[in-house]
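Coordinates as given in my_file-v3.csv (CSV, C-alpha atoms and all ligand atoms):
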chain,number,residue,atom,x,y,z
W,1007,MET,CA,75.1,100.4,162.2
W,1008,GLY,CA,77.0,98.3,159.6
W,1009,ARG,CA,80.7,98.1,159.1
W,1010,GLN,CA,82.3,101.0,157.0
W,1011,ILE,CA,83.9,99.5,153.9
W,1012,THR,CA,85.9,101.0,151.1
W,1013,ILE,CA,85.4,99.8,147.6
W,1014,ARG,CA,88.5,100.6,145.6
W,1015,ALA,CA,87.7,100.4,141.9
W,1016,LEU,CA,90.0,100.7,138.9
W,1017,LYS,CA,88.8,103.5,136.6
W,1018,PHE,CA,90.0,103.9,133.0
W,1019,ASP,CA,88.4,104.7,129.8
W,1020,PRO,CA,90.6,103.5,126.9
W,1021,GLN,CA,88.5,105.5,124.4
W,1022,SER,CA,89.4,108.8,126.1
W,1023,ALA,CA,92.6,110.6,125.2
W,1024,VAL,CA,92.9,112.1,128.7
W,1025,SER,CA,91.9,109.2,130.9
W,1026,LYS,CA,94.6,107.4,132.8
W,1027,PRO,CA,94.3,104.2,134.9
W,1028,HIS,CA,93.8,105.0,138.5
W,1029,PHE,CA,92.0,103.7,141.6
W,1030,LYS,CA,89.1,105.5,143.1
W,1031,ASP,CA,87.8,104.8,146.7
W,1032,TYR,CA,84.2,104.8,147.6
W,1033,GLN,CA,83.1,104.6,151.2
W,1034,LEU,CA,79.9,102.6,152.0
W,1035,GLU,CA,78.1,101.3,155.0
W,1036,GLU,CA,77.8,97.5,154.7
W,1037,ILE,CA,74.2,96.2,154.8
W,1038,PRO,CA,73.1,92.6,155.6
W,1039,SER,CA,73.7,90.2,152.6
W,1040,MET,CA,75.4,92.9,150.6
W,1041,THR,CA,77.0,91.6,147.4
W,1042,LEU,CA,79.6,93.4,145.4
W,1043,PHE,CA,76.9,93.9,142.8
W,1044,ILE,CA,74.7,95.7,145.4
W,1045,ALA,CA,77.7,97.8,146.5
W,1046,LEU,CA,78.5,98.8,142.9
W,1047,GLY,CA,74.8,99.7,142.3
W,1048,MET,CA,74.8,101.9,145.4
W,1049,ILE,CA,78.1,103.6,144.2
W,1050,ARG,CA,76.6,104.3,140.8
W,1051,GLU,CA,73.4,105.6,142.2
W,1052,GLN,CA,74.8,107.7,145.1
W,1053,LEU,CA,78.5,108.4,144.4
W,1054,ASP,CA,79.6,108.0,140.9
W,1055,PRO,CA,77.2,107.6,137.9
W,1056,ASP,CA,80.2,107.3,135.6
W,1057,LEU,CA,81.5,104.0,137.1
W,1058,SER,CA,81.1,101.2,134.5
W,1059,PHE,CA,80.5,97.5,135.2
W,1060,ASP,CA,78.3,94.8,133.7
W,1061,PHE,CA,75.4,92.8,135.0
W,1062,VAL,CA,72.2,91.3,133.7
W,1063,CYS,CA,70.7,88.5,135.9
W,1064,ARG,CA,72.1,89.4,139.4
W,1065,ALA,CA,71.7,85.7,140.1
W,1066,GLY,CA,74.9,84.0,138.9
W,1067,ILE,CA,73.4,82.8,135.7
W,1068,CYS,CA,74.4,85.2,132.9
W,1069,GLY,CA,78.1,85.5,133.6
W,1070,SER,CA,78.3,89.2,132.9
W,1071,CYS,CA,79.5,90.5,136.3
W,1072,ALA,CA,82.8,88.7,136.5
W,1073,MET,CA,85.7,90.9,137.7
W,1074,MET,CA,88.8,90.7,139.8
W,1075,ILE,CA,87.7,91.0,143.4
W,1076,ASN,CA,90.7,91.2,145.8
W,1077,GLY,CA,92.9,89.8,143.0
W,1078,ARG,CA,90.8,86.8,142.1
W,1079,PRO,CA,88.1,86.4,139.3
W,1080,ARG,CA,84.7,86.1,140.9
W,1081,LEU,CA,81.1,87.0,140.1
W,1082,ALA,CA,80.2,90.4,141.7
W,1083,CYS,CA,76.5,89.3,142.1
W,1084,LYS,CA,77.5,86.1,144.0
W,1085,THR,CA,80.2,87.5,146.2
W,1086,LEU,CA,79.3,88.9,149.6
W,1087,THR,CA,81.2,91.9,151.0
W,1088,SER,CA,81.1,90.1,154.4
W,1089,SER,CA,83.2,87.3,153.0
W,1090,PHE,CA,86.2,89.7,153.3
W,1091,SER,CA,87.5,90.5,156.7
W,1092,GLU,CA,89.5,93.4,155.4
W,1093,ASN,CA,87.6,96.7,155.2
W,1094,VAL,CA,89.0,97.6,151.7
W,1095,ILE,CA,87.8,95.5,148.7
W,1096,THR,CA,89.7,96.1,145.5
W,1097,LEU,CA,88.0,95.7,142.2
W,1098,MET,CA,89.7,95.4,138.8
W,1099,PRO,CA,88.7,94.4,135.3
W,1100,MET,CA,89.5,90.8,134.3
W,1101,PRO,CA,92.8,90.5,132.3
W,1102,SER,CA,92.9,88.6,129.0
W,1103,PHE,CA,89.8,90.4,127.6
W,1104,PRO,CA,89.7,93.8,125.9
W,1105,LEU,CA,88.8,96.6,128.4
W,1106,ILE,CA,85.6,98.5,127.6
W,1107,LYS,CA,85.8,100.8,130.6
W,1108,ASP,CA,86.5,100.6,134.3
W,1109,LEU,CA,85.4,97.1,135.4
W,1110,SER,CA,83.7,96.2,132.1
W,1111,VAL,CA,85.4,93.9,129.6
W,1112,ASN,CA,84.4,92.4,126.3
W,1113,THR,CA,84.1,88.6,126.9
W,1114,GLY,CA,81.6,88.1,124.1
W,1115,GLU,CA,84.0,88.4,121.2
W,1116,TRP,CA,86.4,85.9,122.8
W,1117,PHE,CA,83.7,83.4,123.5
W,1118,ALA,CA,82.2,83.7,120.0
W,1119,GLY,CA,85.7,83.0,118.6
W,1120,MET,CA,86.2,80.0,120.9
W,1121,ASN,CA,82.8,78.5,120.1
W,1122,ALA,CA,83.5,78.9,116.4
W,1123,ARG,CA,86.9,77.2,116.8
W,1124,VAL,CA,85.6,74.1,118.6
W,1125,GLU,CA,82.5,74.1,116.3
W,1126,SER,CA,80.3,74.3,119.2
W,1127,TRP,CA,77.2,72.4,117.9
W,1128,ALA,CA,76.3,68.7,117.5
W,1129,HIS,CA,77.6,67.5,114.2
W,1130,HIS,CA,75.5,64.7,112.6
W,1131,LYS,CA,74.4,63.5,109.2
W,1132,LYS,CA,71.2,61.7,110.4
W,1133,GLU,CA,68.0,63.1,109.1
W,1134,VAL,CA,65.8,64.0,112.1
W,1135,ASP,CA,62.2,62.8,111.8
W,1136,ILE,CA,60.3,65.2,114.1
W,1137,THR,CA,57.1,63.0,113.9
W,1138,LYS,CA,58.9,60.3,115.9
W,1139,PRO,CA,59.8,60.4,119.5
W,1140,GLU,CA,63.3,61.6,120.3
W,1141,GLU,CA,66.0,58.9,120.6
W,1142,ARG,CA,66.6,57.8,124.2
W,1143,VAL,CA,69.8,59.0,125.8
W,1144,ASP,CA,71.6,57.1,128.5
W,1145,PRO,CA,70.9,59.0,131.7
W,1146,ASP,CA,74.5,58.9,132.8
W,1147,GLU,CA,75.6,60.4,129.5
W,1148,ALA,CA,72.9,63.1,129.8
W,1149,GLN,CA,74.0,63.9,133.3
W,1150,SER,CA,77.6,64.2,132.2
W,1151,VAL,CA,76.7,66.5,129.3
W,1152,PHE,CA,74.5,68.6,131.5
W,1153,GLU,CA,77.3,68.9,134.0
W,1154,LEU,CA,79.7,70.5,131.4
W,1155,ASP,CA,76.9,72.4,129.7
W,1156,ARG,CA,76.5,74.5,132.9
W,1157,CYS,CA,79.2,76.9,131.8
W,1158,ILE,CA,77.9,80.5,131.8
W,1159,GLU,CA,80.8,81.9,129.8
W,1160,CYS,CA,81.7,84.3,132.6
W,1161,GLY,CA,85.4,84.2,131.7
W,1162,CYS,CA,86.7,83.6,135.3
W,1163,CYS,CA,88.7,80.5,134.2
W,1164,ILE,CA,90.3,82.5,131.4
W,1165,ALA,CA,91.2,85.4,133.7
W,1166,ALA,CA,92.8,82.9,136.1
W,1167,CYS,CA,94.9,81.2,133.4
W,1168,GLY,CA,98.6,82.0,133.2
W,1169,THR,CA,98.9,80.3,129.8
W,1170,LYS,CA,96.2,82.5,128.3
W,1171,LEU,CA,98.2,85.6,129.4
W,1172,MET,CA,101.3,84.3,127.5
W,1173,ARG,CA,99.6,82.6,124.6
W,1174,GLU,CA,97.1,84.9,122.8
W,1175,ASN,CA,95.2,82.1,121.0
W,1176,PHE,CA,95.0,79.6,123.9
W,1177,ILE,CA,91.6,78.1,124.0
W,1178,GLY,CA,91.5,78.0,127.8
W,1179,ALA,CA,89.5,75.8,130.2
W,1180,ALA,CA,86.2,77.1,128.8
W,1181,GLY,CA,87.2,76.0,125.3
W,1182,MET,CA,88.4,72.6,126.4
W,1183,ASN,CA,85.3,72.1,128.5
W,1184,ARG,CA,83.1,73.0,125.5
W,1185,ALA,CA,85.0,70.5,123.3
W,1186,MET,CA,84.6,67.8,125.9
W,1187,ARG,CA,80.9,68.6,126.2
W,1188,PHE,CA,80.4,67.6,122.5
W,1189,LEU,CA,82.9,64.8,122.5
W,1190,ILE,CA,80.9,62.9,125.2
W,1191,ASP,CA,77.5,63.7,123.6
W,1192,SER,CA,76.3,60.8,121.4
W,1193,HIS,CA,74.3,63.2,119.3
W,1194,ASP,CA,77.6,64.5,118.0
W,1195,GLU,CA,79.1,62.0,115.4
W,1196,ARG,CA,82.6,63.6,115.4
W,1197,SER,CA,85.4,61.2,116.3
W,1198,ASP,CA,88.3,61.8,118.7
W,1199,ASP,CA,90.4,62.3,115.6
W,1200,ASP,CA,88.1,65.2,114.5
W,1201,PHE,CA,88.5,66.8,117.9
W,1202,TYR,CA,92.2,66.4,117.7
W,1203,GLU,CA,92.1,68.7,114.6
W,1204,LEU,CA,90.4,71.3,116.7
W,1205,VAL,CA,92.2,71.2,120.1
W,1206,GLY,CA,95.2,68.9,119.6
W,1207,ASP,CA,97.9,71.6,119.6
W,1208,ASP,CA,99.7,74.1,121.9
W,1209,ASP,CA,96.8,76.5,121.6
W,1210,GLY,CA,94.6,73.7,122.9
W,1211,VAL,CA,95.1,70.8,125.3
W,1212,PHE,CA,98.9,70.6,124.9
W,1213,GLY,CA,99.5,74.2,125.9
W,1214,CYS,CA,97.7,73.7,129.2
W,1215,MET,CA,100.1,73.7,132.2
W,1216,SER,CA,97.6,71.8,134.4
W,1217,LEU,CA,98.0,74.1,137.4
W,1218,ILE,CA,94.3,74.2,137.7
W,1219,GLY,CA,93.7,77.9,138.5
W,1220,CYS,CA,90.7,77.5,136.3
W,1221,HIS,CA,89.2,74.7,138.4
W,1222,ASP,CA,89.7,76.7,141.6
W,1223,THR,CA,88.0,79.8,140.3
W,1224,CYS,CA,85.0,78.5,138.3
W,1225,PRO,CA,82.0,80.0,140.1
W,1226,LYS,CA,79.8,77.1,138.8
W,1227,GLN,CA,82.1,74.5,140.2
W,1228,ILE,CA,82.4,72.8,136.8
W,1229,PRO,CA,84.8,69.9,137.2
W,1230,LEU,CA,87.5,71.4,135.0
W,1231,GLN,CA,90.4,69.5,136.5
W,1232,GLY,CA,88.9,66.1,135.6
W,1233,THR,CA,87.5,67.3,132.3
W,1234,LEU,CA,90.8,68.7,131.1
W,1235,ALA,CA,92.7,65.6,132.2
W,1236,GLN,CA,90.2,63.4,130.3
W,1237,LEU,CA,90.4,65.4,127.2
W,1238,ARG,CA,94.2,65.5,127.3
W,1239,ASN,CA,94.4,61.7,127.7
W,1240,LYS,CA,92.1,61.2,124.7
W,1241,MET,CA,94.1,63.6,122.5
W,1242,VAL,CA,97.4,62.0,123.6
W,1243,LYS,CA,96.1,58.7,122.4
W,1244,VAL,CA,95.0,60.1,119.1
W,1245,GLY,CA,98.4,61.9,118.7
W,1246,LYS,CA,100.4,58.7,119.4
W,1247,ALA,CA,98.3,56.7,116.9
W,1248,ARG,CA,99.0,59.2,114.1
B,1301,LIG,S1,95.0,74.2,134.1
B,1301,LIG,FE1,95.3,74.8,131.9
B,1301,LIG,S2,93.4,75.9,131.4
B,1301,LIG,FE2,93.4,75.7,133.6
B,1301,LIG,S3,94.4,77.6,134.4
B,1301,LIG,FE3,96.0,76.1,134.1
B,1301,LIG,S4,96.9,76.4,132.1
B,1301,LIG,FE4,94.9,77.5,132.1
B,1302,LIG,S1,84.1,77.1,132.8
B,1302,LIG,FE1,83.4,78.1,134.7
B,1302,LIG,S2,84.8,79.8,135.0
B,1302,LIG,FE2,85.0,79.1,132.8
B,1302,LIG,S3,83.6,80.4,131.7
B,1302,LIG,FE3,82.5,78.5,132.2
B,1302,LIG,S4,81.4,79.0,134.1
B,1302,LIG,FE4,83.0,80.6,133.8
B,1303,LIG,S1,74.8,89.5,136.9
B,1303,LIG,FE1,74.5,87.6,135.9
B,1303,LIG,S2,76.1,86.3,136.8
B,1303,LIG,FE2,76.2,88.2,137.9
Before anything else, please render the file you have as structure tokens.
Amino acid sequence: MGRQITIRALKFDPQSAVSKPHFKDYQLEEIPSMTLFIALGMIREQLDPDLSFDFVCRAGICGSCAMMINGRPRLACKTLTSSFSENVITLMPMPSFPLIKDLSVNTGEWFAGMNARVESWAHHKKEVDITKPEERVDPDEAQSVFELDRCIECGCCIAACGTKLMRENFIGAAGMNRAMRFLIDSHDERSDDDFYELVGDDDGVFGCMSLIGCHDTCPKQIPLQGTLAQLRNKMVKVGKAR
């Protein structure tokens, strides 16, 4: 027989005139390799069909299931209940994003805005001749771009960021990571100066307090600490030269 655990989930429907934020406890028997996603699925099937949370891939790929698990942003589908020695696991929706209901937040709108702000596509004026082989890319550069391109837009780094809580329009680690991904990509002809126009202010790199909560919580282990430092150094140089 497995351990008895309590999943304590925040419930609140901001669309309802009568709903008030409150915690609800659900008792479950832990099963081998049980993730928080499995636990939430069991709760919804057996105990509370009204409990709202998001998921798509169940494999740490889509970024939908991020939530605060015992006070820290994590992916529910990649977090084992057995990783917590305590018998009560507390779930809350991520801060910094609009609440939809219970554990479900709207990250999509924020990420769409961030991608628009950093103009998240390769800018180039070259005509592409699709009858010719693609231009070769330096393997080290390709690897570096791939590394930063692994972001699944889960929002954990944004939920972990104190600056984002204080500064509504702060671009966050995900935004700086996205800018850096295109800055190092030779397909993108934008200069450091062009990127300064996008992220060279207090809502961008100069608002970051460098406490690296983002780096510590990224479930994809994207090297945010080094990426943010590199971007800041480049933007400082551009700023000094102006
Ligand atoms: S290092 Fe910057 S982006 Fe990361 S959590 Fe701190 S303030 Fe936010
Ligand atoms: S950088 Fe990491 S934590 Fe932030 S959104 Fe991307 S995958 Fe999630
Ligand atoms: S359900 Fe896709 S990352 Fe968890």
For ligand LIG 1301 (chain B), return the neighbouring residues as number ranges by chain (distance at most 10 Å; only C-alpha atoms and all ligand atoms). W: 1162-1171, 1176-1183, 1210-1223, 1230-1231, 1234-1235
Here is a test: counting all atoms listed in the file, which residue of W:Thr1085, W:Phe1201, W:Asp1191, W:Met1186 is nearest to Leu1237 (chain W)?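 Smallest separation from Leu1237 (chain W) among the options: W:Met1186.
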Check the smallest atom-to-atom distance from each of W:Lys1131, W:Val1062, W:Asp1155, W:Lys1246 to Glu1195 (chain W) using only C-alpha atoms, then report the winner.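 Under the stated criterion, the closest residue is W:Lys1131.
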Please give me, as a tab-separated table (two decimals) with C-alpha atoms, in the coordinates of the input, the residues lying within 7 Å of ligand LIG 1303 (chain B) when counting only C-alpha atoms and all ligand atoms.
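Contents of selection25.tsv, freshly written:
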chain	number	residue	atom	x	y	z
W	1061	PHE	CA	75.40	92.80	135.00
W	1062	VAL	CA	72.20	91.30	133.70
W	1063	CYS	CA	70.70	88.50	135.90
W	1064	ARG	CA	72.10	89.40	139.40
W	1065	ALA	CA	71.70	85.70	140.10
W	1066	GLY	CA	74.90	84.00	138.90
W	1067	ILE	CA	73.40	82.80	135.70
W	1068	CYS	CA	74.40	85.20	132.90
W	1069	GLY	CA	78.10	85.50	133.60
W	1070	SER	CA	78.30	89.20	132.90
W	1071	CYS	CA	79.50	90.50	136.30
W	1072	ALA	CA	82.80	88.70	136.50
W	1081	LEU	CA	81.10	87.00	140.10
W	1082	ALA	CA	80.20	90.40	141.70
W	1083	CYS	CA	76.50	89.30	142.10
W	1084	LYS	CA	77.50	86.10	144.00
Within 6 Å of ligand LIG 1302 (chain B), counting all atoms listed in the file: which residues, as a list in words?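 Those residues are Cys1157, Ile1158, Glu1159, Cys1160, Gly1161, Cys1162, Cys1163, Ala1180, Cys1224, Pro1225, Lys1226 and Ile1228 of chain W.
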In terms of the shortest atom-to-atom distance over all atoms listed in the file, which of W:Asp1019, W:Asp1194, W:Asp1207, W:Asp1135 is closest to Ser1110 (chain W)? W:Asp1019
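In this comparison, which uses only C-alpha atoms, the residue of W:Glu1092, W:Glu1133, W:Glu1115, W:Asp1054 approaching Ala1015 (chain W) most closely is W:Asp1054.
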Between CA of Leu1154 (chain W) and CA of Arg1187 (chain W), what is the distance in Å, rounded to a tenth?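 Between these atoms lies a distance of 5.7 Å.
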Will you model N, CA and C atoms for region 1185-1216 of chain W and pass it back as a compact mmCIF listing (two decimals), in the coordinates of the input?
# COMPACT_ATOMS: atom_id res chain seq x y z
N ALA W 1185 84.67 71.64 124.15
CA ALA W 1185 85.00 70.50 123.30
C ALA W 1185 84.60 69.20 123.88
N MET W 1186 84.90 69.05 125.17
CA MET W 1186 84.60 67.80 125.90
C MET W 1186 83.08 67.57 125.95
N ARG W 1187 82.34 68.66 126.12
CA ARG W 1187 80.90 68.60 126.20
C ARG W 1187 80.31 67.89 124.94
N PHE W 1188 80.87 68.24 123.77
CA PHE W 1188 80.40 67.60 122.50
C PHE W 1188 81.02 66.28 122.27
N LEU W 1189 82.24 66.10 122.74
CA LEU W 1189 82.90 64.80 122.50
C LEU W 1189 82.15 63.68 123.25
N ILE W 1190 81.59 63.96 124.43
CA ILE W 1190 80.90 62.90 125.20
C ILE W 1190 79.43 62.78 124.78
N ASP W 1191 78.95 63.67 123.94
CA ASP W 1191 77.50 63.70 123.60
C ASP W 1191 77.32 62.78 122.36
N SER W 1192 76.51 61.72 122.52
CA SER W 1192 76.30 60.80 121.40
C SER W 1192 75.56 61.36 120.25
N HIS W 1193 74.93 62.53 120.44
CA HIS W 1193 74.30 63.20 119.30
C HIS W 1193 75.33 63.71 118.31
N ASP W 1194 76.55 63.92 118.81
CA ASP W 1194 77.60 64.50 118.00
C ASP W 1194 78.42 63.31 117.40
N GLU W 1195 78.45 63.19 116.08
CA GLU W 1195 79.10 62.00 115.40
C GLU W 1195 80.60 62.27 115.20
N ARG W 1196 81.15 63.40 115.65
CA ARG W 1196 82.60 63.60 115.40
C ARG W 1196 83.41 62.60 116.23
N SER W 1197 84.51 62.17 115.63
CA SER W 1197 85.40 61.20 116.30
C SER W 1197 86.44 61.96 117.13
N ASP W 1198 87.18 61.19 117.96
CA ASP W 1198 88.30 61.80 118.70
C ASP W 1198 89.27 62.45 117.78
N ASP W 1199 89.46 61.81 116.64
CA ASP W 1199 90.40 62.30 115.60
C ASP W 1199 89.92 63.72 115.13
N ASP W 1200 88.60 63.87 114.94
CA ASP W 1200 88.10 65.20 114.50
C ASP W 1200 88.36 66.24 115.57
N PHE W 1201 88.20 65.87 116.84
CA PHE W 1201 88.50 66.80 117.90
C PHE W 1201 89.95 67.17 118.01
N TYR W 1202 90.79 66.18 117.67
CA TYR W 1202 92.20 66.40 117.70
C TYR W 1202 92.56 67.57 116.72
N GLU W 1203 91.90 67.60 115.59
CA GLU W 1203 92.10 68.70 114.60
C GLU W 1203 91.80 70.05 115.21
N LEU W 1204 90.87 70.07 116.16
CA LEU W 1204 90.40 71.30 116.70
C LEU W 1204 91.22 71.76 117.95
N VAL W 1205 91.57 70.81 118.80
CA VAL W 1205 92.20 71.20 120.10
C VAL W 1205 93.51 70.44 120.36
N GLY W 1206 94.00 69.65 119.40
CA GLY W 1206 95.20 68.90 119.60
C GLY W 1206 96.50 69.61 119.31
N ASP W 1207 96.66 70.82 119.84
CA ASP W 1207 97.90 71.60 119.60
C ASP W 1207 98.23 72.43 120.82
N ASP W 1208 99.26 73.26 120.71
CA ASP W 1208 99.70 74.10 121.90
C ASP W 1208 98.74 75.19 122.21
N ASP W 1209 97.87 75.55 121.30
CA ASP W 1209 96.80 76.50 121.60
C ASP W 1209 95.60 75.79 122.23
N GLY W 1210 95.67 74.47 122.27
CA GLY W 1210 94.60 73.70 122.90
C GLY W 1210 95.14 72.88 124.04
N VAL W 1211 94.80 71.59 124.12
CA VAL W 1211 95.10 70.80 125.30
C VAL W 1211 96.63 70.74 125.61
N PHE W 1212 97.49 70.78 124.58
CA PHE W 1212 98.90 70.60 124.90
C PHE W 1212 99.62 71.87 125.33
N GLY W 1213 98.90 72.98 125.33
CA GLY W 1213 99.50 74.20 125.90
C GLY W 1213 99.13 74.36 127.36
N CYS W 1214 98.17 73.59 127.85
CA CYS W 1214 97.70 73.70 129.20
C CYS W 1214 98.78 73.22 130.20
N MET W 1215 99.06 74.03 131.23
CA MET W 1215 100.10 73.70 132.20
C MET W 1215 99.57 72.91 133.39
N SER W 1216 98.27 72.65 133.41
CA SER W 1216 97.60 71.80 134.40
C SER W 1216 97.81 72.31 135.86
